[in-house]
Structure formats: structure tokens, C-alpha cells
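Working notes, structure below.
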Number of protein chains: 2
Amino acid sequence: MIEHSTFYDKLQLQWQQGKFVCVGLDSEYSRLPESVRRPRGHRRDISQSILRFNAEIVDATKKYVCAYKPNTAFYEAHGELGLRTLRETIRHIHAVAAGVPVILDAKRADIGNTNKGYVHMAFDLLEADAITVHPYLGRESLEPFLERADKGIIVLCRTSNQGAGEFQDLVVDADPLYINVAKRVASGWNSNGNCALVVGATYPEELRRVRELVADMPILIPGVGAQGGDLERTVSAGKDSNDAGMIINSSRGIIFASSGADFAQAAYEETRRLHTLINEYRGRKEPKY
Amino acid sequence: MIEHSTFYDKLQLQWQQGKFVCVGLDSEYSRLPESVRRPRGHRRDISQSILRFNAEIVDATKKYVCAYKPNTAFYEAHGELGLRTLRETIRHIHAVAAGVPVILDAKRADIGNTNKGYVHMAFDLLEADAITVHPYLGRESLEPFLERADKGIIVLCRTSNQGAGEFQDLVVDADPLYINVAKRVASGWNSNGNCALVVGATYPEELRRVRELVADMPILIPGVGAQGGDLERTVSAGKDSNDAGMIINSSRGIIFASSGADFAQAAYEETRRLHTLINEYRGRKEPKY
């Protein structure tokens, strides 16, 4: 009954098979290989090209991933057709990679009931298994997300961007703000056991501090690959007591590994390379479970 | 050349005419009056009903408003058709209320270049004049928004929800976090003069503190009406040295003022009532300009 298992259940199943790579489907049209770009460049063609690209990436990489993570910005940039492309991409993942959860990287958060629109969009229309959210409005505002016990609610904690520290490093009660976020999510917010955090691979020391605070809560770790995060330090800092707990995302590093017609093969090889290295750095060839 | 004036220019023109009410188009289908709801309830009918409702609200209220503010959550809840409804709603506003700016209440924010997708969606596809954004990722991440000097970038500062204080009130260097946000947006972020802040009417003392820090920067003030913010205290706390600077939003209080077939007339009357009271509380019948 894969369809009714929770985000966390699905993740656990992947981790038990030693899978920790998340493929970020940041499928920016202008960067797609010539071979999938339709010659005319009409909006419908663009949408079809992105869907075909995503499907080939998914088909090629599904053996080694714990999750897929499309970022809504790249789809909303194409309006209604983009949204349809996103929906069809997720549907394709569920069809060919059953049990692999889809994280909608939407970075949403509004006040209370308004969030119900986003909850419906992400989980009912798009059929995602998890969503990323901003913490700034507090737990009370996020209840419509948090009450969906079957879905993953992944809260931005320490983001991977260069200027992340502007607010996230401000010191509150002797701890930086992102540590306050991590503590609150791990304690008060997680009564349904469906919370996770985003901590960038570009900040391994911060990742280590967060891991120490949140036990085995899943951490989505973007920033390896194109953003330059060090994989060995990331795994060392990010793994939980089962040498698991990590969703290690690479987007451009995988999907644009080749700009040629061999893009899917190149994506497969890069995914497998990360998969192998992660398991080497975890210090075990076989899963502990 | 209304089409080429900036968000700030458009706002100033409205303020000079004594207009400070922003109508929030939170047009939740289940709350629309029977008279605009199509009997069959098919998705296309739902979309048409929402568009018709919005158009009637806009036509009825346009004389007394400084801005319209559709919240994306209520449209994304209907998928591709909802996005089209949003686009057509904004197009209708530009057609019948030329010069009245449209604020896309999207509460977005991702890392750097990813934001370009949202910028394109909001400003090029949907033709909004301004967008609301989360501050948590810092200025550096928001550059794709901030560099759009013609558009308004409205940063969440002190939100109107009950639990807003969880992070926003945490004390950093003797000031709550939201004051840190206000100070940074007013100083470092605003080099293009296109920034504004969100401060809820439900927190008039916080609004006063922010106004003291940001001179005549526009403040979007949600929370009067259904959320219960006190209008007189709001105007007293929110006005700048020209007794202006405010975008005072009411959503449900205006658009659902009546649940009957007279909803547009009721919306008109509630908008005019707020308009009259705001100008009374500003302490001037005629604009100062």
C-alpha cells in the first residue's frame, strides 16, 4: 500500500536501501539540451520539452534516489502550462518510481487559513509528498501544513545561499536564529512527526550543530554539486545515529551534468557517483537496518 | 504613460487623491455568493465564477482604492485554471482601473537565481506591480526582486497573525527581530527606492515603532476588518509625515461584506466607509499635497 504510506515512511524505505540522493528538478528551459528543445519554441513546445526532459532524467536516475525535488519557481515561470508540466512531472515520478517521495520545493507560508490553498495545491492537485516552508510567521500560521500528518513539512532553517546569515545568524539568547528555528521545529512543531529541516551543505558546521539538536529528524541538504558544498563533510555532519536522516540534494550538478544528447546517461552517472560516495562516507557499504 | 510608471509612482498618485484602502481579493470559491456560483461546479465554472466575482468587486470599488491585492493561495488552489483566473483578474484591474497598482500577495523567496522564475511569473506573466516576499534568506537572495526598480518589493516584517511573535519578537541586540528586518530593509535593501514592508494592523504599537524607523516607506497593513485591527489606532500609528504612506488592506471585510446578490454594492459601501474613516483619522479632509 505504497500510496497510503507517509512521507516519512517512504523516506525510511529509501534510506534502508542506502539511498540518500535527492534530484532537484530545476529544469530551466534555456539550459535544456538542444536534443529535447523543440525547434519552434512555442509555449506548448516549451512545456512539452521540459516534461520530456524531466521524464528522461527520472527514468535514468530512479534506481539511486531517495526523493525528487522540483522547485516551483522554474515551472511558475511558464504560467499555466508550467503548472501543468509540474503536475505531469510528479505524476510521472509516481508512475515509474513508486514509493519515491516528491518534495515540492515551493518555500510557501502565509497566515493560517490562507495556507489551506497551498496545502490543497501541493498535496491534492500536484500530489506531492512534502513541501518546503518559511518559518518567519511561526508555528500557529503553519497549522494547515503541520496537521497533514501524512505529508512532510520541511522548514527552512539554514539555507545554502551566500547571504543566508543576514538574519539566520543573528544571535538570540546566545544562539543564532537558525538554531532557535531548529529547536522549535524539533520540539513544539513536530507533534505529528512530519517535520524536517533545510540546512545547506555549504555550511557543514551549522549542519553539524543542527543534527546534534534534532536527533533523527530528516534534514534536506541542498548545495552539493553546483553550489560547491563538500560531500564528505556534509555526510559527516549531517548523518544521524543510524548514519541516515539525510536527503542530499543536487539539482544542476545532476540534471545538467551534460548539455548534450547524453544528458540522461550523464545524470545517471552523476547520481550513481554521489550515491556511491555518500555510502562510502557513511562508513558502511551495507545499510545498518 | 501610466503603463511605465513605477509601483511607487502609482501609489503616490492614489495617496494624493486621499486613497489608502487596498482590497484583498481572497476570493475563496466556497464563500462566493450563490448568485455568481455556477450550478454545476465544474472546474471551468469555478474559475469563471471567481473571475466574474472579482470583476464585479473591482468595478464597484475602484473609485476608492489605492491598490488591489490578490493572494496567490486562493488561485493556486484551483491549479492551472486558477492561475489563469488570477492573470485575467489582474488584466481586468489594469483595464478598468488604470493606474491602480496590483500587489501579488505571493509571499515568495528562494535563493538567488531561482527567484528569477518568480520575478518573471509575477511581473511579466501576471503583470503585477508589486509582490510580497519573506525576509528569512536575506537581501542577497532577493536581488532578482530588488533589482526590478519599477516594481514594489514588499517584505514581511510584523505579520498580522496571532502567532507572529514566535520568531518576529525574538530579541536581537535589544530589538525584536521584526525591527531588525525593518531597519535593514530601510537602509541596505532600498537602494532602488522600491521596498515596502508588511506590518499587521493587529499590532498597532509595533506598527508605530516601524513607522518611526522607516520614514515615508510604504507600509502594507493587513488585518483591519475580519481580523479585527482597530482602524483609528492603525492610521495614527501607520501614517507618515505626510499623513500618507499606508496601504490599508481589508479582504474578507470588503469582498464578503454581503453574501447575497448585492455583494458588489456592499463591497462598495464598506470600501467607501473605510476610505472616509481613514481620511477622518488622518486628520484632514483634503490631501496635503
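Identifiers for the C-alpha cells are assigned positionally: chains receive A, B, ... in sequence, residues are indexed from 1 per chain, and ligands are indexed from 1 in the order shown.
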Which residues are close to Gln265 in chain A, i.e. within 10 Å by only C-alpha atoms, leaving aside same-chain residues fewer than 2 positions away? Reply as a list in words. Glu56, Ile57, Ala60, Thr61, Ile255, Ala257, Ser258, Ala261, Asp262, Phe263, Ala267, Tyr268, Glu269, Glu270 and Thr271 of chain A
Requested write-out: N, CA, C and O atoms of the selected residues, as an mmCIF file, in the first residue's frame:
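The resulting selection_15.cif:
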data_model
loop_
_atom_site.group_PDB
_atom_site.id
_atom_site.type_symbol
_atom_site.label_atom_id
_atom_site.label_comp_id
_atom_site.auth_asym_id
_atom_site.auth_seq_id
_atom_site.Cartn_x
_atom_site.Cartn_y
_atom_site.Cartn_z
ATOM 1 N N GLU A 56 12.905 11.842 -18.780
ATOM 2 C CA GLU A 56 14.137 11.092 -19.089
ATOM 3 C C GLU A 56 15.098 11.095 -17.901
ATOM 4 O O GLU A 56 15.764 10.090 -17.615
ATOM 5 N N ILE A 57 15.175 12.233 -17.203
ATOM 6 C CA ILE A 57 16.027 12.300 -16.008
ATOM 7 C C ILE A 57 15.533 11.314 -14.945
ATOM 8 O O ILE A 57 16.317 10.578 -14.334
ATOM 9 N N ALA A 60 16.147 7.708 -15.810
ATOM 10 C CA ALA A 60 17.568 7.335 -15.749
ATOM 11 C C ALA A 60 18.091 7.233 -14.322
ATOM 12 O O ALA A 60 19.006 6.465 -14.052
ATOM 13 N N THR A 61 17.523 8.020 -13.404
ATOM 14 C CA THR A 61 18.137 8.136 -12.074
ATOM 15 C C THR A 61 17.381 7.393 -10.978
ATOM 16 O O THR A 61 17.891 7.265 -9.856
ATOM 17 N N ILE A 255 21.179 17.247 -13.247
ATOM 18 C CA ILE A 255 20.320 17.324 -14.448
ATOM 19 C C ILE A 255 21.030 17.991 -15.622
ATOM 20 O O ILE A 255 20.680 17.749 -16.767
ATOM 21 N N ALA A 257 24.416 17.660 -15.985
ATOM 22 C CA ALA A 257 25.750 17.053 -15.987
ATOM 23 C C ALA A 257 26.321 17.020 -17.405
ATOM 24 O O ALA A 257 27.522 17.133 -17.612
ATOM 25 N N SER A 258 25.436 16.857 -18.384
ATOM 26 C CA SER A 258 25.848 17.006 -19.780
ATOM 27 C C SER A 258 24.834 17.897 -20.477
ATOM 28 O O SER A 258 23.631 17.813 -20.217
ATOM 29 N N ALA A 261 23.103 15.330 -25.994
ATOM 30 C CA ALA A 261 22.001 14.375 -26.117
ATOM 31 C C ALA A 261 22.123 13.241 -25.101
ATOM 32 O O ALA A 261 21.164 12.507 -24.854
ATOM 33 N N ASP A 262 23.311 13.117 -24.479
ATOM 34 C CA ASP A 262 23.531 12.065 -23.481
ATOM 35 C C ASP A 262 23.217 12.543 -22.058
ATOM 36 O O ASP A 262 23.708 11.996 -21.076
ATOM 37 N N PHE A 263 22.377 13.584 -21.942
ATOM 38 C CA PHE A 263 22.119 14.194 -20.628
ATOM 39 C C PHE A 263 21.581 13.186 -19.609
ATOM 40 O O PHE A 263 21.926 13.250 -18.425
ATOM 41 N N ALA A 267 23.304 12.165 -16.192
ATOM 42 C CA ALA A 267 22.589 12.345 -14.920
ATOM 43 C C ALA A 267 22.640 11.055 -14.106
ATOM 44 O O ALA A 267 22.845 11.074 -12.889
ATOM 45 N N TYR A 268 22.454 9.936 -14.802
ATOM 46 C CA TYR A 268 22.538 8.635 -14.137
ATOM 47 C C TYR A 268 23.911 8.453 -13.507
ATOM 48 O O TYR A 268 24.034 8.056 -12.347
ATOM 49 N N GLU A 269 24.940 8.769 -14.262
ATOM 50 C CA GLU A 269 26.300 8.533 -13.760
ATOM 51 C C GLU A 269 26.624 9.430 -12.578
ATOM 52 O O GLU A 269 27.243 9.012 -11.603
ATOM 53 N N GLU A 270 26.187 10.685 -12.653
ATOM 54 C CA GLU A 270 26.441 11.607 -11.553
ATOM 55 C C GLU A 270 25.660 11.196 -10.301
ATOM 56 O O GLU A 270 26.165 11.272 -9.174
ATOM 57 N N THR A 271 24.422 10.729 -10.503
ATOM 58 C CA THR A 271 23.615 10.266 -9.366
ATOM 59 C C THR A 271 24.273 9.055 -8.712
ATOM 60 O O THR A 271 24.412 8.975 -7.485
#
Provide as a VMD selection string the residues of chain A at most 7 Å from chain B, counting only C-alpha atoms. chain A and resid 73 to 74 76 to 77 79 to 80 83 to 84 107 to 111 114 to 115 117 to 118 120 to 121 125 136 to 141 159 161 163 to 164 166 to 168 170 to 172
Range 33-279 of chain B: residues DSSP assigns to strand (DSSP E or B), reported as a tab-separated table (two decimals) with N, CA and C atoms, in the first residue's frame:
chain	number	residue	atom	x	y	z
B	65	VAL	N	-9.95	53.05	-4.02
B	65	VAL	CA	-8.85	52.19	-3.59
B	65	VAL	C	-7.48	52.72	-4.05
B	66	CYS	N	-6.46	52.38	-3.29
B	66	CYS	CA	-5.09	52.71	-3.71
B	66	CYS	C	-4.40	51.51	-4.34
B	67	ALA	N	-4.98	50.31	-4.13
B	67	ALA	CA	-4.36	49.09	-4.67
B	67	ALA	C	-5.33	47.93	-4.55
B	68	TYR	N	-5.10	46.90	-5.37
B	68	TYR	CA	-5.75	45.60	-5.20
B	68	TYR	C	-4.68	44.58	-4.84
B	69	LYS	N	-5.09	43.60	-4.05
B	69	LYS	CA	-4.11	42.60	-3.59
B	69	LYS	C	-4.69	41.19	-3.64
B	70	PRO	N	-4.57	40.52	-4.80
B	70	PRO	CA	-4.95	39.10	-4.82
B	70	PRO	C	-3.88	38.26	-4.12
B	71	ASN	N	-4.34	37.29	-3.33
B	71	ASN	CA	-3.42	36.36	-2.66
B	71	ASN	C	-3.34	35.08	-3.48
B	102	VAL	N	-1.40	46.71	-8.64
B	102	VAL	CA	-1.80	45.37	-8.17
B	102	VAL	C	-0.64	44.75	-7.42
B	103	ILE	N	-0.91	44.39	-6.18
B	103	ILE	CA	0.09	43.72	-5.33
B	103	ILE	C	-0.19	42.22	-5.35
B	104	LEU	N	0.76	41.45	-5.82
B	104	LEU	CA	0.61	40.00	-5.79
B	104	LEU	C	1.07	39.51	-4.41
B	105	ASP	N	0.11	39.08	-3.61
B	105	ASP	CA	0.45	38.62	-2.26
B	105	ASP	C	0.84	37.15	-2.35
B	106	ALA	N	2.11	36.96	-2.70
B	106	ALA	CA	2.59	35.61	-3.02
B	106	ALA	C	3.55	35.08	-1.96
B	107	LYS	N	4.07	35.97	-1.13
B	107	LYS	CA	4.98	35.59	-0.03
B	107	LYS	C	6.03	34.59	-0.52
B	108	ARG	N	6.72	34.95	-1.57
B	108	ARG	CA	7.76	34.11	-2.12
B	108	ARG	C	9.13	34.49	-1.53
B	130	ALA	N	3.64	44.75	-7.82
B	130	ALA	CA	4.41	44.55	-6.60
B	130	ALA	C	4.19	43.12	-6.13
B	131	ILE	N	5.08	42.66	-5.26
B	131	ILE	CA	4.98	41.30	-4.72
B	131	ILE	C	5.41	41.31	-3.26
B	132	THR	N	4.80	40.45	-2.46
B	132	THR	CA	5.25	40.29	-1.07
B	132	THR	C	6.29	39.17	-1.00
B	133	VAL	N	7.31	39.36	-0.15
B	133	VAL	CA	8.39	38.37	-0.02
B	133	VAL	C	8.77	38.13	1.44
B	152	GLY	N	7.26	47.06	-6.86
B	152	GLY	CA	7.33	47.14	-5.41
B	152	GLY	C	7.71	45.80	-4.80
B	153	ILE	N	8.70	45.81	-3.91
B	153	ILE	CA	9.12	44.59	-3.22
B	153	ILE	C	8.75	44.77	-1.75
B	154	ILE	N	7.73	44.06	-1.33
B	154	ILE	CA	7.10	44.31	-0.03
B	154	ILE	C	7.48	43.18	0.92
B	155	VAL	N	8.34	43.50	1.89
B	155	VAL	CA	8.97	42.48	2.74
B	155	VAL	C	8.14	42.26	4.01
B	156	LEU	N	7.87	41.00	4.32
B	156	LEU	CA	7.16	40.67	5.57
B	156	LEU	C	8.00	41.13	6.75
B	157	CYS	N	7.40	41.91	7.64
B	157	CYS	CA	8.13	42.46	8.78
B	157	CYS	C	7.44	41.98	10.06
B	158	ARG	N	6.23	42.50	10.35
B	158	ARG	CA	5.46	42.04	11.51
B	158	ARG	C	4.11	41.63	10.97
B	171	VAL	N	14.47	38.65	20.57
B	171	VAL	CA	15.26	39.87	20.75
B	171	VAL	C	16.69	39.67	20.27
B	172	VAL	N	17.09	40.54	19.38
B	172	VAL	CA	18.45	40.57	18.82
B	172	VAL	C	19.02	41.96	19.06
B	175	ASP	N	16.65	44.65	20.23
B	175	ASP	CA	15.46	44.90	19.41
B	175	ASP	C	14.84	43.58	18.97
B	176	PRO	N	13.52	43.54	18.87
B	176	PRO	CA	12.92	42.32	18.30
B	176	PRO	C	13.33	42.14	16.84
B	195	CYS	N	11.33	49.35	-2.06
B	195	CYS	CA	10.94	48.46	-0.97
B	195	CYS	C	9.75	49.00	-0.19
B	196	ALA	N	9.03	48.10	0.42
B	196	ALA	CA	7.96	48.42	1.35
B	196	ALA	C	7.94	47.30	2.39
B	197	LEU	N	7.12	47.45	3.41
B	197	LEU	CA	7.05	46.47	4.48
B	197	LEU	C	5.61	46.05	4.74
B	198	VAL	N	5.46	44.84	5.27
B	198	VAL	CA	4.15	44.39	5.76
B	198	VAL	C	4.16	44.47	7.29
B	199	VAL	N	3.24	45.23	7.85
B	199	VAL	CA	3.06	45.25	9.31
B	199	VAL	C	1.56	45.17	9.58
B	219	ILE	N	3.95	51.19	3.83
B	219	ILE	CA	3.69	50.03	4.68
B	219	ILE	C	2.34	49.44	4.29
B	220	LEU	N	2.38	48.18	3.92
B	220	LEU	CA	1.16	47.42	3.64
B	220	LEU	C	0.64	46.89	4.96
B	221	ILE	N	-0.61	47.26	5.29
B	221	ILE	CA	-1.15	46.98	6.63
B	221	ILE	C	-2.39	46.11	6.49
B	224	VAL	N	-7.14	44.91	9.24
B	224	VAL	CA	-8.37	45.60	9.62
B	224	VAL	C	-9.51	44.76	9.05
B	229	GLY	N	-8.30	44.39	13.48
B	229	GLY	CA	-7.43	45.51	13.79
B	229	GLY	C	-8.24	46.81	13.91
B	246	MET	N	0.48	54.68	3.74
B	246	MET	CA	-0.22	53.45	4.16
B	246	MET	C	-0.98	52.80	3.01
B	247	ILE	N	-0.90	51.47	2.97
B	247	ILE	CA	-1.75	50.64	2.10
B	247	ILE	C	-2.55	49.78	3.07
B	248	ILE	N	-3.77	50.20	3.35
B	248	ILE	CA	-4.55	49.56	4.41
B	248	ILE	C	-5.47	48.52	3.79
B	249	ASN	N	-5.13	47.25	4.04
B	249	ASN	CA	-5.84	46.18	3.35
B	249	ASN	C	-6.99	45.59	4.16
B	250	SER	N	-8.13	45.46	3.50
B	250	SER	CA	-9.21	44.63	4.02
B	250	SER	C	-9.57	43.64	2.92
Out of A:Val100, A:Leu51, A:Met217, A:Val21, which residue has the shortest atom-to-atom distance to Gly193 in chain A when counting only C-alpha atoms?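 Closest to Gly193 in chain A, using only C-alpha atoms: A:Met217.
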Near-Ala186 in chain A list (8 Å; only C-alpha atoms; drop same-chain fewer than 2 positions) as a PDB file with all heavy atoms, in the first residue's frame:
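Saved the output as result03.pdb:
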ATOM      1  N   ALA A 182      15.580  25.539  14.544  1.00  0.00           N
ATOM      2  CA  ALA A 182      15.758  24.084  14.647  1.00  0.00           C
ATOM      3  C   ALA A 182      15.177  23.547  15.954  1.00  0.00           C
ATOM      4  O   ALA A 182      14.467  22.531  15.971  1.00  0.00           O
ATOM      5  CB  ALA A 182      17.241  23.731  14.535  1.00  0.00           C
ATOM      6  N   LYS A 183      15.461  24.234  17.054  1.00  0.00           N
ATOM      7  CA  LYS A 183      14.972  23.772  18.363  1.00  0.00           C
ATOM      8  C   LYS A 183      13.451  23.759  18.422  1.00  0.00           C
ATOM      9  O   LYS A 183      12.843  22.819  18.919  1.00  0.00           O
ATOM     10  CB  LYS A 183      15.511  24.681  19.475  1.00  0.00           C
ATOM     11  CG  LYS A 183      16.959  24.439  19.836  1.00  0.00           C
ATOM     12  CD  LYS A 183      17.372  25.379  20.972  1.00  0.00           C
ATOM     13  CE  LYS A 183      18.810  25.122  21.427  1.00  0.00           C
ATOM     14  NZ  LYS A 183      19.262  26.149  22.399  1.00  0.00           N
ATOM     15  N   ARG A 184      12.835  24.834  17.918  1.00  0.00           N
ATOM     16  CA  ARG A 184      11.378  24.921  17.982  1.00  0.00           C
ATOM     17  C   ARG A 184      10.715  23.878  17.080  1.00  0.00           C
ATOM     18  O   ARG A 184       9.728  23.262  17.460  1.00  0.00           O
ATOM     19  CB  ARG A 184      10.916  26.324  17.603  1.00  0.00           C
ATOM     20  CG  ARG A 184      11.141  27.303  18.726  1.00  0.00           C
ATOM     21  CD  ARG A 184      10.989  28.746  18.275  1.00  0.00           C
ATOM     22  NE  ARG A 184      11.302  29.624  19.388  1.00  0.00           N
ATOM     23  CZ  ARG A 184      10.409  30.008  20.290  1.00  0.00           C
ATOM     24  NH1 ARG A 184       9.159  29.606  20.184  1.00  0.00           N
ATOM     25  NH2 ARG A 184      10.768  30.789  21.295  1.00  0.00           N
ATOM     26  N   GLY A 188       8.377  21.793  19.653  1.00  0.00           N
ATOM     27  CA  GLY A 188       6.949  22.123  19.623  1.00  0.00           C
ATOM     28  C   GLY A 188       6.206  21.810  18.336  1.00  0.00           C
ATOM     29  O   GLY A 188       5.019  21.537  18.353  1.00  0.00           O
ATOM     30  N   TRP A 189       6.904  21.891  17.208  1.00  0.00           N
ATOM     31  CA  TRP A 189       6.186  21.814  15.927  1.00  0.00           C
ATOM     32  C   TRP A 189       5.924  20.397  15.464  1.00  0.00           C
ATOM     33  O   TRP A 189       5.103  20.162  14.586  1.00  0.00           O
ATOM     34  CB  TRP A 189       7.005  22.520  14.819  1.00  0.00           C
ATOM     35  CG  TRP A 189       7.182  23.987  14.987  1.00  0.00           C
ATOM     36  CD1 TRP A 189       7.233  24.699  16.150  1.00  0.00           C
ATOM     37  CD2 TRP A 189       7.334  24.950  13.931  1.00  0.00           C
ATOM     38  NE1 TRP A 189       7.418  26.032  15.892  1.00  0.00           N
ATOM     39  CE2 TRP A 189       7.489  26.215  14.539  1.00  0.00           C
ATOM     40  CE3 TRP A 189       7.385  24.863  12.541  1.00  0.00           C
ATOM     41  CZ2 TRP A 189       7.666  27.384  13.797  1.00  0.00           C
ATOM     42  CZ3 TRP A 189       7.564  26.020  11.795  1.00  0.00           C
ATOM     43  CH2 TRP A 189       7.700  27.277  12.426  1.00  0.00           C
ATOM     44  N   ASN A 190       6.632  19.437  16.026  1.00  0.00           N
ATOM     45  CA  ASN A 190       6.703  18.113  15.399  1.00  0.00           C
ATOM     46  C   ASN A 190       5.789  17.077  16.043  1.00  0.00           C
ATOM     47  O   ASN A 190       6.081  15.892  16.019  1.00  0.00           O
ATOM     48  CB  ASN A 190       8.164  17.637  15.414  1.00  0.00           C
ATOM     49  CG  ASN A 190       8.427  16.546  14.399  1.00  0.00           C
ATOM     50  OD1 ASN A 190       7.718  16.436  13.393  1.00  0.00           O
ATOM     51  ND2 ASN A 190       9.428  15.718  14.668  1.00  0.00           N
ATOM     52  N   CYS A 195       7.775  16.750  10.549  1.00  0.00           N
ATOM     53  CA  CYS A 195       8.636  17.892  10.230  1.00  0.00           C
ATOM     54  C   CYS A 195      10.023  17.441   9.774  1.00  0.00           C
ATOM     55  O   CYS A 195      10.497  16.358  10.122  1.00  0.00           O
ATOM     56  CB  CYS A 195       8.805  18.793  11.447  1.00  0.00           C
ATOM     57  SG  CYS A 195       7.306  19.693  11.881  1.00  0.00           S
ATOM     58  N   LEU A 213      21.030  18.721  17.540  1.00  0.00           N
ATOM     59  CA  LEU A 213      19.829  19.159  18.254  1.00  0.00           C
ATOM     60  C   LEU A 213      18.581  18.380  17.902  1.00  0.00           C
ATOM     61  O   LEU A 213      17.625  18.363  18.676  1.00  0.00           O
ATOM     62  CB  LEU A 213      19.538  20.633  17.929  1.00  0.00           C
ATOM     63  CG  LEU A 213      20.477  21.666  18.527  1.00  0.00           C
ATOM     64  CD1 LEU A 213      20.205  23.019  17.891  1.00  0.00           C
ATOM     65  CD2 LEU A 213      20.294  21.716  20.039  1.00  0.00           C
ATOM     66  N   VAL A 214      18.534  17.786  16.697  1.00  0.00           N
ATOM     67  CA  VAL A 214      17.240  17.286  16.210  1.00  0.00           C
ATOM     68  C   VAL A 214      17.177  15.763  16.112  1.00  0.00           C
ATOM     69  O   VAL A 214      16.246  15.230  15.505  1.00  0.00           O
ATOM     70  CB  VAL A 214      16.866  17.918  14.845  1.00  0.00           C
ATOM     71  CG1 VAL A 214      16.839  19.437  14.954  1.00  0.00           C
ATOM     72  CG2 VAL A 214      17.818  17.469  13.732  1.00  0.00           C
ATOM     73  N   MET A 217      15.606  13.537  13.041  1.00  0.00           N
ATOM     74  CA  MET A 217      14.705  14.250  12.128  1.00  0.00           C
ATOM     75  C   MET A 217      15.361  14.355  10.744  1.00  0.00           C
ATOM     76  O   MET A 217      16.568  14.607  10.634  1.00  0.00           O
ATOM     77  CB  MET A 217      14.420  15.655  12.672  1.00  0.00           C
ATOM     78  CG  MET A 217      13.546  16.500  11.761  1.00  0.00           C
ATOM     79  SD  MET A 217      13.176  18.122  12.491  1.00  0.00           S
ATOM     80  CE  MET A 217      11.883  17.670  13.630  1.00  0.00           C
TER      81      MET A 217
END
Write out as a VMD selection string the set of residues from range 26-226 of chain A that DSSP, computed on the backbone, places in helix (DSSP H, G or I). chain A and resid 29 to 31 34 to 36 43 to 64 72 to 76 79 to 96 112 to 125 139 to 146 165 to 168 177 to 189 204 to 214 225 to 226
Interatomic distance, CA of Arg148 in chain B to CA of Ala128 in chain B (Å, one decimal):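 CA of Ala128 in chain B lies at a distance of 12.1 Å from CA of Arg148 in chain B.
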Between CA of Ser259 in chain A and CA of Asp59 in chain A, what is the spacing in Å? 17.5 Å
In Å, with one decimal, what is the gap from CA of Gly253 in chain A to CA of Arg209 in chain A? 26.2 Å
Range 95-99 of chain B environment, 10 Å, only C-alpha atoms, sequence neighbours closer than 4 positions dropped, as a ChimeraX atom specification: /B:1-7,9-11,13-14,55,58-59,61-63,65-68,89-91
Pick the closest to Asp243 in chain B from B:Thr85, B:Ser35, B:Asn279, B:Gln227: which is it, counting only C-alpha atoms?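 Counting only C-alpha atoms, the residue closest to Asp243 in chain B is B:Asn279.
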Mind checking which residues fall within 10 Å of Lys239 in chain B, counting only C-alpha atoms, ignoring those fewer than 5 positions away in the same chain, and posting them as a list in words? Leu207, Arg208, Arg211, Glu212, Ala215, Asp216, Pro218, Ile219, Thr234, Ala244, Gly245, Met246, Ile247, Tyr281 and Arg282 of chain B
